[in-house]
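Peer 1: Quick one: structure below, then a few questions.
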Amino acid sequence: MRMGRIKEIKEYRPPFRGPQTQPRILCLDFSPELPGLNLALGGIRRHAKARGWGVATFLRNEVQAGAVPSLLARLRPVGCIVSDFHGDGHLPPRLFGDTPVVYLDTPGKVKWRGAMSVVCDNAAVARAAFDELAAGLPESFAFVPSESLRPWNAERGAVFRALCAKARKPCHAFQGHRGESRQERLARLGSWVSKLPVRCAVFAANDNTACDVAAAFAAVHRAVPRENTIVGADGGDTASEGRDISRISSVKIDKDLSVWLAARMLGDIISHKDTETQSATFGPLLVLRRASTRGHGRREPYILEAMEMIRREACDGLAAATLAKRFPCSRNLFERRFREAMGHSVLDEILHVRLQQVQVLLARPEMPISAIADFCGFDSSRELRQLFLRRFRCSMRQWRKDRFK
């Protein structure tokens, strides 16, 4: 490593404004491309504040492994949280000496013996994707690993294939090749999807891969979702390299919980509490149901249009009767066709979208429970409480408490 780079880091001033006697934690190796980066760092700062810590943050392009001892000597943090997002072991535990460190591993797994880490439950991600795809009654399934071919690909793929086998459905698998260019991969992917049967449901290991699969289907004139359906994973709002994620259903991973678990684990280490477990797990929060899984029998264009309207307007108070008036048929006919296509009523779909948003807001501890009904299109908090209790078998307060216990 060049000495000039170390000097540049030593001169960096972390975003810490409190008194020098206040304990602080050091957050390292966060990638600027990390989905939900601001949310993750904001969650760490929120949990740190509750413990009376300050926070200093260095992104991946701001720190090199050789500079870590110098940073520790200068900043004297009480502990560190490291996001090994790239899964390449950029900052191994030996660099931190006696300073406690927890790896926020999204979604790979730390391999170093004895390293404290928070890891994604990839089996739960695969099960959520399978359940969403299976709801469309496909005749077969397929799995596409991400371009990176990291270990979590294999975990998600293995569980997904096992679920397909249990359901006695064939599962086609796209084989990743190390060292190939993106253009070569997309060309192979296009040829592969052209040979998939109609009504094949595809689980892509992450959202970027799902976008590539959708583009490959479009290139060979296969309609999504009328002929094939797709689910990705991660649940971000944007994808890299210009990919359009707005129509791709996705298993939304509970990143806010992962941050909270990392902060709690670090706090336990610092306060010398018993830490028998070396890792904690987090999994899916919910499935963001978008256009790419509204398949099997959804050939009526106005049904797909209605689903898109529900996705956009459900939390603004959209009613089933109001939606039916927008289409050139009677309400009874519209309701019957919708149920035939989707397997449930218009009201069920509206409530599904609203409750998804309720879960998203409950996952943010700063959001008052009493205000959630207004943000999600319910007439009153009482109506929401009763519906939530029937659907999830617990109160909203208990649901939040169970996540952050």
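We name chains A, B, ... following the order of the structure tokens; residues begin at 1 in each chain, and ligands are numbered from 1 as shown.
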Could you give me, as a PDB file with C-alpha atoms, in the first residue's frame, each residue of range 169-381 of chain A that DSSP assigns to strand (DSSP E or B) when run on this structure's backbone?
Peer 2:
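Writing the result to states.pdb gives the following:
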```
ATOM      1  CA  CYS A 171     -36.254 -26.671 -11.268  1.00  0.00           C
ATOM      2  CA  HIS A 172     -34.075 -25.411 -14.122  1.00  0.00           C
ATOM      3  CA  ALA A 173     -30.716 -23.916 -13.086  1.00  0.00           C
ATOM      4  CA  CYS A 200     -41.911 -21.210 -15.421  1.00  0.00           C
ATOM      5  CA  ALA A 201     -41.347 -19.209 -12.206  1.00  0.00           C
ATOM      6  CA  VAL A 202     -37.821 -17.817 -11.810  1.00  0.00           C
ATOM      7  CA  PHE A 203     -36.052 -17.002  -8.542  1.00  0.00           C
ATOM      8  CA  ALA A 204     -33.106 -14.686  -9.148  1.00  0.00           C
ATOM      9  CA  ASN A 228     -43.121 -16.324 -16.881  1.00  0.00           C
ATOM     10  CA  THR A 229     -42.839 -14.819 -13.405  1.00  0.00           C
ATOM     11  CA  ILE A 230     -39.769 -13.504 -11.539  1.00  0.00           C
ATOM     12  CA  VAL A 231     -38.791 -12.814  -7.915  1.00  0.00           C
ATOM     13  CA  GLY A 232     -35.523 -11.208  -6.819  1.00  0.00           C
ATOM     14  CA  ALA A 233     -34.126 -10.596  -3.340  1.00  0.00           C
ATOM     15  CA  ASP A 234     -32.770  -7.725  -1.214  1.00  0.00           C
ATOM     16  CA  SER A 249     -41.081  -8.448  -7.124  1.00  0.00           C
ATOM     17  CA  SER A 250     -38.492  -8.845  -4.396  1.00  0.00           C
ATOM     18  CA  VAL A 251     -37.914 -10.485  -1.031  1.00  0.00           C
ATOM     19  CA  LYS A 252     -37.170  -7.463   1.156  1.00  0.00           C
ATOM     20  CA  ILE A 253     -34.408  -8.317   3.611  1.00  0.00           C
ATOM     21  CA  SER A 279     -23.496 -14.835  15.330  1.00  0.00           C
ATOM     22  CA  ALA A 280     -27.046 -13.581  15.001  1.00  0.00           C
ATOM     23  CA  THR A 281     -29.312 -13.954  11.977  1.00  0.00           C
ATOM     24  CA  PHE A 282     -31.810 -11.769  10.195  1.00  0.00           C
ATOM     25  CA  PRO A 284     -36.896 -11.395   5.131  1.00  0.00           C
ATOM     26  CA  LEU A 285     -39.195  -8.641   6.310  1.00  0.00           C
ATOM     27  CA  LEU A 286     -41.806  -9.148   3.594  1.00  0.00           C
ATOM     28  CA  VAL A 287     -42.215  -9.723  -0.152  1.00  0.00           C
ATOM     29  CA  LEU A 288     -42.574  -6.603  -2.260  1.00  0.00           C
TER      30      LEU A 288
END
```
Peer 1: Quick one: residues within 9 Å of range 153-167 of chain A, only C-alpha atoms counted, chain neighbours fewer than 2 positions away excluded, as a PyMOL selection string?
Peer 2: chain A and resi 108+122-127+129-130+140-146+148-151+169-173+203+205-206
Peer 1: For Thr322 in chain A, which residue among A:Asp212, A:Glu335, A:Ala341, A:His47 is the nearest when counting only C-alpha atoms?
Peer 2: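 Between A:Asp212, A:Glu335, A:Ala341, A:His47, the residue approaching Thr322 in chain A most closely is A:Glu335.
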Peer 1: From a backbone DSSP assignment, name each residue in range 100-346 of chain A labelled helix (DSSP H, G or I), as a count of residues only.
Peer 2: 107
Peer 1: Mind checking which residues fall within 10 Å of Arg397 in chain A, counting only C-alpha atoms, ignoring those fewer than 2 positions away in the same chain, and posting them as a ChimeraX atom specification?
Peer 2: /A:362,369,385,394-395,399-402
Peer 1: Calculate how many Å separate CA of Val193 in chain A from CA of Met307 in chain A, rounding to one decimal.
Peer 2: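 Atom-to-atom, CA of Val193 in chain A and CA of Met307 in chain A are spaced 25.6 Å apart.
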Peer 1: May I have the residues within 8 Å of range 65-82 of chain A as a VMD selection string, using only C-alpha atoms and disregarding those fewer than 3 positions away in the same chain?
Peer 2: chain A and resid 1 6 9 to 10 23 to 30 90 to 91 95 to 96 99 to 105 262 to 263 266 270
